[in-house]
Structure formats: structure tokens, C-alpha cells
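**Q** Structure in C-alpha cells, see below.
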Amino acid sequence: SPYFFFKVLQQFIKQYPDLAELVKVEFVGTVPNWLLDMIKEFNLSSYVTLKGVLSHKDCIAFQNECDALLSTSLKVIDGKDYCIAGKSYEYLYQQKPILAFMTEGSQKDFLEESGVSLIFDADESKKNVEQFKDFILGNVKFKPNKSFMKQINTKVTTEKLAHIIKKVVEK
């Protein structure tokens with residue numbers, strides 16, 4: 001859910017109306033009713049465009065055109081999120097900045113290690129607004145972790161999986 005991102009975006013627009021024109025948010029995919037309701041709740045209709053469902057090829061082309069990509073994680077009360085979204089791999093392949101609204105867990109660790117993610121703590125709204133402002137103004141420097149990024153591709157991942165399967169089969 002983009003809830004925490006929307007919360008920050010709404011506060012950013014209120015605090016920095018002169019910078020609001022620099023923000024354009026586009027979502028790709030099925031549009032659930034809760035997303036429409038959330039956009040209205042945060043009064044973001046003039047900032048958010050819903051592109052609907054695109055082919056995988058068109059999604060990749062769209063990602064390539066973006067200045068940054070958004071990633072969110074599940075908020076687990078008294079625990080950690082253990083999932084890494086499949087789109088995180090595609091995002092890293094694009095080598096674009098990732099605005100990551102994360103809770104503790106695997107995806108946060110994964111994106112932090114990449115060096116191309118700006119991590120936002122879901123519970124730190126005031127800090128997040130300033131961090132978002134710094135990003136919009138181009139004051140955030142990313143340092144891609146090249147050795148990590150080399151590992152995050154289909155060929156390397158498939159080879160690792162094949163090696164694990166071979167070890168299991170040999171036992």
C-alpha cells in the first residue's frame with residue numbers, strides 16, 4: 001500500500017507548495033477501489049495518475065522513463081516483513097533511484113544493500129518529508145553497490161538455484 005508514501009506526499013505539498021509542481025506520481029497495474037479511496041483521502045488526485053494494466057514490456061519501458069521508482073513493504077506489528085517483492089529485482093535492473101517506504105525486514109535489507117534506494121521509515125513522517133524534499137531537490141547521492149548489483153540478475157540467480165538443486169538431488 002502506498003499509504004505512508006501518500007501521507008508524506010500530502011505533508012510535503014502542504015509544507016512546500018512551491019515544490020509541489022515538481023512531483024508527478026504514476027501507478028501501473030490494476031486499480032483497486034481502496035487505492036482510489038486513498039488518493040481521495042489524501043487529496044492527491046491532481047498529483048497521481050493511474051495508468052492501468054500494461055504489458056510486461058510496456059511496464060519495463062515505463063520504468064525506464066521514470067526518475068524514481070516506489071517500493072513499499074508490509075507493516076508487521078511486533079515482527080519483520082519477510083518478503084522481497086519480485087518487482088524489486090526489476091527495479092534494480094533499471095538502476096533508477098528507489099523510494100523505499102519500508103518496515104524492518106528482508107526487503108528493507110535487500111534495498112539498503114543495493115545502494116540505489118532511499119529508505120523511508122514508515123513511522124517517521126516529519127523526517128520523511130525532509131528526506132523527500134532533499135530527493136526532489138537533487139540533494140540525495142546514491143552509491144550503487146556494484147558487487148551486489150552484479151548478483152541480482154537472472155543468469156546469476158538461475159545459476160545459484162541450479163547449484164542448490166544439484167546439491168539436493170545428489171544427496
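Here's how to read the names in the C-alpha cells: chain A, B, ... by the order shown, residue numbers from 1 in each chain, ligand numbers from 1 in the order shown.
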Extract, using only C-alpha atoms, all DNA, RNA and protein residues at most 9 Å from A:Phe6, discarding same-chain residues fewer than 4 positions from it, and format them as number ranges by chain.
**A** A: 2, 10-11, 38-39, 42, 44
**Q** Kindly save the residues from that selection, with C-alpha atoms included, as a PDB file, in the first residue's frame.
**A**
ATOM      1  CA  PRO A   2       1.251   3.490  -0.777  1.00  0.00           C
ATOM      2  CA  GLN A  10       0.415  15.216   1.291  1.00  0.00           C
ATOM      3  CA  GLN A  11       2.559  16.794   4.033  1.00  0.00           C
ATOM      4  CA  MET A  38      -6.734   6.570  -0.563  1.00  0.00           C
ATOM      5  CA  ILE A  39      -5.937   9.093  -3.307  1.00  0.00           C
ATOM      6  CA  PHE A  42      -5.027  12.398   0.910  1.00  0.00           C
ATOM      7  CA  LEU A  44      -3.788  13.814  -4.266  1.00  0.00           C
TER       8      LEU A  44
END
**Q** If we count only C-alpha atoms, what is near A:Ser106 at a cut-off of 12 Å, once residues fewer than 3 positions away on the same chain are taken out, given as a VMD selection string?
**A** chain A and resid 72 to 74 79 to 85 88 102 to 103 109 to 113
**Q** Please compute the atom CA of A:Cys59-atom CA of A:Phe27 distance, one decimal, in Å.
**A**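 Between atom CA of A:Cys59 and atom CA of A:Phe27 the gap is 10.4 Å.
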**Q** Near A:Asp67, counting only C-alpha atoms, which residues have an atom at most 12 Å away, once you skip same-chain residues fewer than 6 positions from it, shown as JSON, numbers by chain?
**A** {"A": [22, 23, 24, 25, 26, 91, 94, 95, 96, 97, 98, 99, 135, 136, 138]}
**Q** Those residues with N, CA and C atoms, as a PDB file, in the first residue's frame please?
**A**
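Below you can see out_9.pdb, which holds the result:
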ATOM      1  N   LEU A  22       6.853  19.940  -8.998  1.00  0.00           N
ATOM      2  CA  LEU A  22       7.912  19.035  -9.451  1.00  0.00           C
ATOM      3  C   LEU A  22       7.533  17.563  -9.272  1.00  0.00           C
ATOM      4  N   VAL A  23       6.421  17.315  -8.621  1.00  0.00           N
ATOM      5  CA  VAL A  23       6.016  15.949  -8.287  1.00  0.00           C
ATOM      6  C   VAL A  23       4.912  15.464  -9.211  1.00  0.00           C
ATOM      7  N   LYS A  24       5.156  14.299  -9.791  1.00  0.00           N
ATOM      8  CA  LYS A  24       4.156  13.622 -10.622  1.00  0.00           C
ATOM      9  C   LYS A  24       4.261  12.135 -10.288  1.00  0.00           C
ATOM     10  N   VAL A  25       3.168  11.545  -9.876  1.00  0.00           N
ATOM     11  CA  VAL A  25       3.152  10.145  -9.467  1.00  0.00           C
ATOM     12  C   VAL A  25       2.278   9.367 -10.434  1.00  0.00           C
ATOM     13  N   GLU A  26       2.811   8.260 -10.960  1.00  0.00           N
ATOM     14  CA  GLU A  26       2.043   7.415 -11.876  1.00  0.00           C
ATOM     15  C   GLU A  26       2.082   5.973 -11.369  1.00  0.00           C
ATOM     16  N   TYR A  91      13.301  -3.383 -10.565  1.00  0.00           N
ATOM     17  CA  TYR A  91      13.687  -2.012 -10.228  1.00  0.00           C
ATOM     18  C   TYR A  91      15.211  -1.872 -10.201  1.00  0.00           C
ATOM     19  N   GLN A  94      16.755  -1.669 -13.542  1.00  0.00           N
ATOM     20  CA  GLN A  94      16.609  -0.356 -14.163  1.00  0.00           C
ATOM     21  C   GLN A  94      17.690   0.623 -13.688  1.00  0.00           C
ATOM     22  N   GLN A  95      18.279   0.337 -12.530  1.00  0.00           N
ATOM     23  CA  GLN A  95      19.304   1.196 -11.926  1.00  0.00           C
ATOM     24  C   GLN A  95      18.808   2.638 -11.778  1.00  0.00           C
ATOM     25  N   LYS A  96      17.582   2.750 -11.327  1.00  0.00           N
ATOM     26  CA  LYS A  96      16.959   4.039 -11.020  1.00  0.00           C
ATOM     27  C   LYS A  96      16.888   4.161  -9.503  1.00  0.00           C
ATOM     28  N   PRO A  97      16.830   5.387  -8.989  1.00  0.00           N
ATOM     29  CA  PRO A  97      16.607   5.533  -7.548  1.00  0.00           C
ATOM     30  C   PRO A  97      15.284   4.894  -7.150  1.00  0.00           C
ATOM     31  N   ILE A  98      15.299   4.280  -5.997  1.00  0.00           N
ATOM     32  CA  ILE A  98      14.095   3.647  -5.466  1.00  0.00           C
ATOM     33  C   ILE A  98      13.715   4.374  -4.183  1.00  0.00           C
ATOM     34  N   LEU A  99      12.496   4.900  -4.148  1.00  0.00           N
ATOM     35  CA  LEU A  99      11.958   5.492  -2.938  1.00  0.00           C
ATOM     36  C   LEU A  99      11.283   4.356  -2.186  1.00  0.00           C
ATOM     37  N   PHE A 135      15.378  14.697  -1.852  1.00  0.00           N
ATOM     38  CA  PHE A 135      15.379  13.922  -3.096  1.00  0.00           C
ATOM     39  C   PHE A 135      14.878  14.783  -4.263  1.00  0.00           C
ATOM     40  N   ILE A 136      13.758  15.463  -4.064  1.00  0.00           N
ATOM     41  CA  ILE A 136      13.165  16.289  -5.119  1.00  0.00           C
ATOM     42  C   ILE A 136      14.149  17.367  -5.572  1.00  0.00           C
ATOM     43  N   GLY A 138      17.313  17.110  -5.594  1.00  0.00           N
ATOM     44  CA  GLY A 138      18.537  16.509  -6.133  1.00  0.00           C
ATOM     45  C   GLY A 138      19.690  16.484  -5.147  1.00  0.00           C
TER      46      GLY A 138
END
